[in-house]
Amino acid sequence: MAGMRLSRKTEFRETKYFYLFISPWIIGLILFTGGPILVSGYYSFTRYDIAHDPVFIGFENYINLFHNDLFWKSSGVTLYYTIVGVPVGLAASLALAMLLNVRIPGQRIFSTIFYLPSVVSGVVLSLLWVWLLDPDFGVVNVLYYKITGMAGPQWLSDEHWVIPSLIMMSLWTLGNNVIVYLAGLKSVPANLYEAAQIDGASRFRQMINITLPMISPVTLFLLITGIIGSFQVFVQADIMTKGGPNYASYFYVYYLYQQAFRSFNLGYASAMAWVLFIFVGVLTWLMMRVSKRWVHYEGGGE
Amino acid sequence: MSTQKVSRSSSISAGERTVKVAAFSILIILSVLMILPLYIMVSTALKTQQDVFLFPPEWVPRPAVWHNFIDAMHARSFGRFFYNTTTYSILGTFGEVISSAFVAYGFSRYRGIGRNFMFMILLATMMIPYPVTMIPQFVLFKNFGWIDTYLPLVVPSFLGSAYIIFLLRQFFNTVPVDLFEAARLDGCSELRTYWNIAMPLCAPALASAAIFGFMYRWNDYLGPLIYLNTESKFTVSIALSSFTSMFNIVPWHLLMAAGLVAVLPPILLFFVAQKYFVQGIVVSGLK
C-alpha cells in the first residue's frame, strides 16, 4: 500500500518471502507460458516440421497466412460465433439470473436444474448434441415437426445452420454465467430499489438505471472471459462437424491444430498462434479501456 | 413471510404476485427444456438399437435395456480409461491446488517489492489462450521424451495455475492479518504459519479449487489428444471421441450409455459439493 511506510528490514523480509512463495509460479511462467510465447514467436519465422530443425524464412508464414482463404474463413467463422454467441449468451444468462432472483418457491431447485447441464461438458456434451440435432431422429427436429408440422433444418449438416446450432448448444450450458450474475444481482443494495420505488420508477426503469449499471463489472468480466473462451472453440469442431460442412465451422483453433499436429506445419501454426495472441491482447486492452465509459465501480466517483 | 406482504398496499402485492407467477411459469418451461437433453440421453441409453431409430420416437424405452451399460463398457476397455482419467485428474488437481495455494498465500500475505507488477502478469496470463503456448510446450516435452505419457499433463500442474492462484488469493485476502502477525510474534516460522494456520482456514476454498481442477481435467480433450497416442493410455474423453469410428451405424444407445457413465463422476461431485462449487464460481467471477 502506498500510504504505509515499511522499514528497510521489514521491506527486505517481505520481499524475500514474497518471492519465495511465488517461486513455483515464476518457474512455471518461464517454462510453460513466457518461454513458449517467445519460442513460438521464433517458430513463426521458420519452416518447422518437428523432425528437422527449424529453418528461418522471415515473414513467409505470415504472408502465406494472410493470402490463405482458409485463414480468413476460419477467422470469420470464429468471429461470427463469438459476436453472436457471446452477447446472446450473456443476455440469456442475465435473464435467467433475474428470474432466479425473484423470491418464489423452489428457487434452489431451479438453480440446480439450470446448472446441471453445465456439468456435462467437453466430448460428451458434443456427442449428445450431435444426437439431439440429428435431422431425422434427433429430439430437436421431432419436436419441430410436432409443433410446426414441417421438417426441421438440417442443423449441423447445413452450412448456414451449423453456427446457429452450436450457439443454441452453448445456451444449454450457461450455468457458470448464471451463478455469477445471480451473485451480482444479490449484491445490489436493496435500498437503491426502495428509493427508486418511492420516486415512482417503473420496474423497467429500475432495471435500466440501477440493475444494469450495478452489475456492469460482472458483465465486463463475463464478456472478456466469454470472448476469449469462444476464440478457443475446438471440441465442437473436432467431434461434431470436423469443421464442415464446406468449412462453415472450421474454427480458428481447429485450423491451428490441423496445421500443427496433422500437417506438421509448426511454423505456420505458430504464426497463427501469434496472430491469436496479439488479437486477444489488443482486444482485451481495448475492452478494458472502453469499459471505463460503461462499467460502474462502487466508490469510483464521476 | 406472507403476513408481512399483506400489510403493504394491495396494488404492490398484486403486481408482485403477477411477477412471481410469471417468473415461476417461465422457470418451469425452461427447466423442462434444460432437463430434456439429459432425459433423452438416459432414455436413448436404455433403448435397443432398433428402437433408437423409431419414428415417432418412444419417450419411455420399453423394455429398458440396462445391459447397454455393460455392453458399452466392454466395447472398449473403458475400465482402463476410467482408471487413467481418475488417476490423472486426481494427481494433476492435487499438484495444482497445493502449489497454487502456496503461491496465492505469497501474493496475499507479503508486500514484497514488485508485487503489483507480478499480480498484473498473473492476471494477464489468465487471458492467454492455451493454443498460443501449445506448440513450444509440445516441442519441449518431446525433447524430454515425455510424449505418449501423462507427464506433460501432470507435471506443469505442480507449478500452479494462474486461475486457481487468483481464486485462492481472493480467499486468503479475507483472512484477518492479525492471525498471522500473532503467529509471527509467537515465533512461528513463515512456512509453519502458512501450513498450520492459513491452509486449514482456507479448506473450503481449497475444496472449491480442487473441484474446478478435477472437472477441468476430467473433461479436457485437447491436451490428452495431443500427448497420448497408445490406446491403453487413453482418457475417457479420447476414447469416446473415436468410439463411433468402430461401427458402421452410430450405436447411439451404447454411445449415450458410455457418455452417461463418463459424466457420472462430475455429476456426483456437483451434488455432493454444490456449496463449494457455487462459492468458487462466485469468488472468481466477482471483484
# chains A, B, ... in the order shown; residues from 1 in each chain; ligands from 1

$ closest_atom_pairs --of "chain B" --to "chain A" --cutoff "6 Å" --atoms "only C-alpha atoms" --output "CSV"
residue,atom,partner,partner_atom,distance
B:Ala23,CA,A:Leu99,CA,5.7
B:Phe102,CA,A:Phe21,CA,5.9
B:Val103,CA,A:Ile22,CA,4.4
B:Gly106,CA,A:Phe21,CA,4.8
B:Tyr110,CA,A:Phe18,CA,5.2
B:Arg111,CA,A:Glu14,CA,5.6
B:Gly112,CA,A:Thr15,CA,3.6
B:Ile113,CA,A:Thr15,CA,5.6
B:Val132,CA,A:Ala273,CA,4.7
B:Thr133,CA,A:Pro36,CA,5.2
B:Pro136,CA,A:Pro36,CA,5.0
B:Leu159,CA,A:Pro24,CA,4.9
B:Gly160,CA,A:Trp25,CA,5.7
B:Asn219,CA,A:Gly122,CA,5.4
B:Ser237,CA,A:Val123,CA,5.8
B:Gly259,CA,A:Val124,CA,5.5
B:Val282,CA,A:Val180,CA,5.2
B:Gly285,CA,A:Val180,CA,5.8

$ residues_around --residues "Asp158 in chain A" --least-positions-apart "6" --cutoff "12 Å" --atoms "only C-alpha atoms" --output "ChimeraX atom specification"
/A:133-135,152,164-166,241,243-249

$ select_by_dssp --residues "range 38-212 of chain A" --states "strand (DSSP E)" --output "MDAnalysis selection string"
chainID A and resid 46:47 55:56

$ write_last_selection --atoms "N, CA and C atoms" --output "tab-separated table (two decimals), in the first residue's frame"
chain	number	residue	atom	x	y	z
A	46	THR	N	9.91	-19.46	-39.09
A	46	THR	CA	10.68	-20.59	-39.62
A	46	THR	C	9.76	-21.58	-40.33
A	47	ARG	N	10.40	-22.45	-41.11
A	47	ARG	CA	9.72	-23.63	-41.61
A	47	ARG	C	10.12	-24.75	-40.66
A	55	VAL	N	13.94	-23.90	-39.99
A	55	VAL	CA	14.70	-23.12	-40.97
A	55	VAL	C	14.10	-21.72	-41.05
A	56	PHE	N	14.96	-20.70	-40.87
A	56	PHE	CA	14.47	-19.32	-40.86
A	56	PHE	C	14.00	-18.91	-42.24

$ closest_residue --among "B:Phe55, B:Asn196, B:Thr149, B:Ala258" --to "Asn229 in chain B" --atoms "only C-alpha atoms"
B:Thr149

$ residues_around --residues "Ala273 in chain B" --least-positions-apart "4" --cutoff "9 Å" --atoms "only C-alpha atoms" --output "list of chain:residue names"
B:Ala207, B:Ser208, B:Ile211, B:Leu268, B:Leu269, B:Phe277, B:Val278

$ closest_residue --among "B:Gly79, B:Pro63, B:Gly95, B:Pro204" --to "Val155 in chain B" --atoms "only C-alpha atoms"
B:Gly95

$ atom_distance --atom1 "CA of Leu167 in chain B" --atom2 "CA of Leu206 in chain B"
9.4 Å

$ closest_residue --among "B:Gln49, B:Leu168, B:Thr125, B:Ile40" --to "Asn68 in chain B" --atoms "only C-alpha atoms"
B:Gln49

$ atom_distance --atom1 "CA of Val175 in chain B" --atom2 "CA of Ala162 in chain B"
20.5 Å

$ select_by_dssp --residues "range 72-257 of chain B" --states "alpha helix (DSSP H)" --output "number ranges by chain"
B: 72-75, 78-109, 115-126, 130-144, 151-154, 162-172, 177-185, 190-192, 199-201, 203-219, 222-227, 236-241, 252-257

$ residues_around --residues "Leu201 in chain B" --least-positions-apart "4" --cutoff "12 Å" --atoms "only C-alpha atoms" --output "PyMOL selection string"
chain B and resi 101+105+168+171-176+179-180+193-197+205-207

$ closest_residue --among "A:Met168, A:Val130, A:Leu220, A:Ala195" --to "Val88 in chain A" --atoms "only C-alpha atoms"
A:Met168

$ residues_around --residues "Phe243 in chain B" --least-positions-apart "3" --cutoff "10 Å" --atoms "only C-alpha atoms" --output "ChimeraX atom specification"
/B:72,75-76,237-240,246-247,250-251,254-255,258

$ write_last_selection --atoms "C-alpha atoms" --output "tab-separated table (two decimals), in the first residue's frame"
chain	number	residue	atom	x	y	z
B	72	ALA	CA	-20.80	-50.06	-23.79
B	75	ALA	CA	-17.00	-52.32	-26.36
B	76	ARG	CA	-13.63	-50.83	-25.49
B	237	SER	CA	-12.84	-38.33	-23.48
B	238	ILE	CA	-10.33	-39.51	-26.06
B	239	ALA	CA	-11.85	-42.99	-26.10
B	240	LEU	CA	-15.36	-41.60	-26.54
B	246	MET	CA	-15.55	-48.63	-34.76
B	247	PHE	CA	-19.08	-49.12	-36.08
B	250	VAL	CA	-23.55	-44.98	-34.96
B	251	PRO	CA	-24.64	-47.05	-31.93
B	254	LEU	CA	-24.15	-47.50	-26.47
B	255	LEU	CA	-22.66	-44.06	-27.02
B	258	ALA	CA	-20.93	-44.68	-22.17

$ closest_residue --among "A:His296, A:Met150, A:Arg262, A:Val233" --to "Tyr130 in chain B" --atoms "only C-alpha atoms"
A:Val233

$ atom_distance --atom1 "CA of Ile163 in chain A" --atom2 "CA of Trp72 in chain A"
16.2 Å
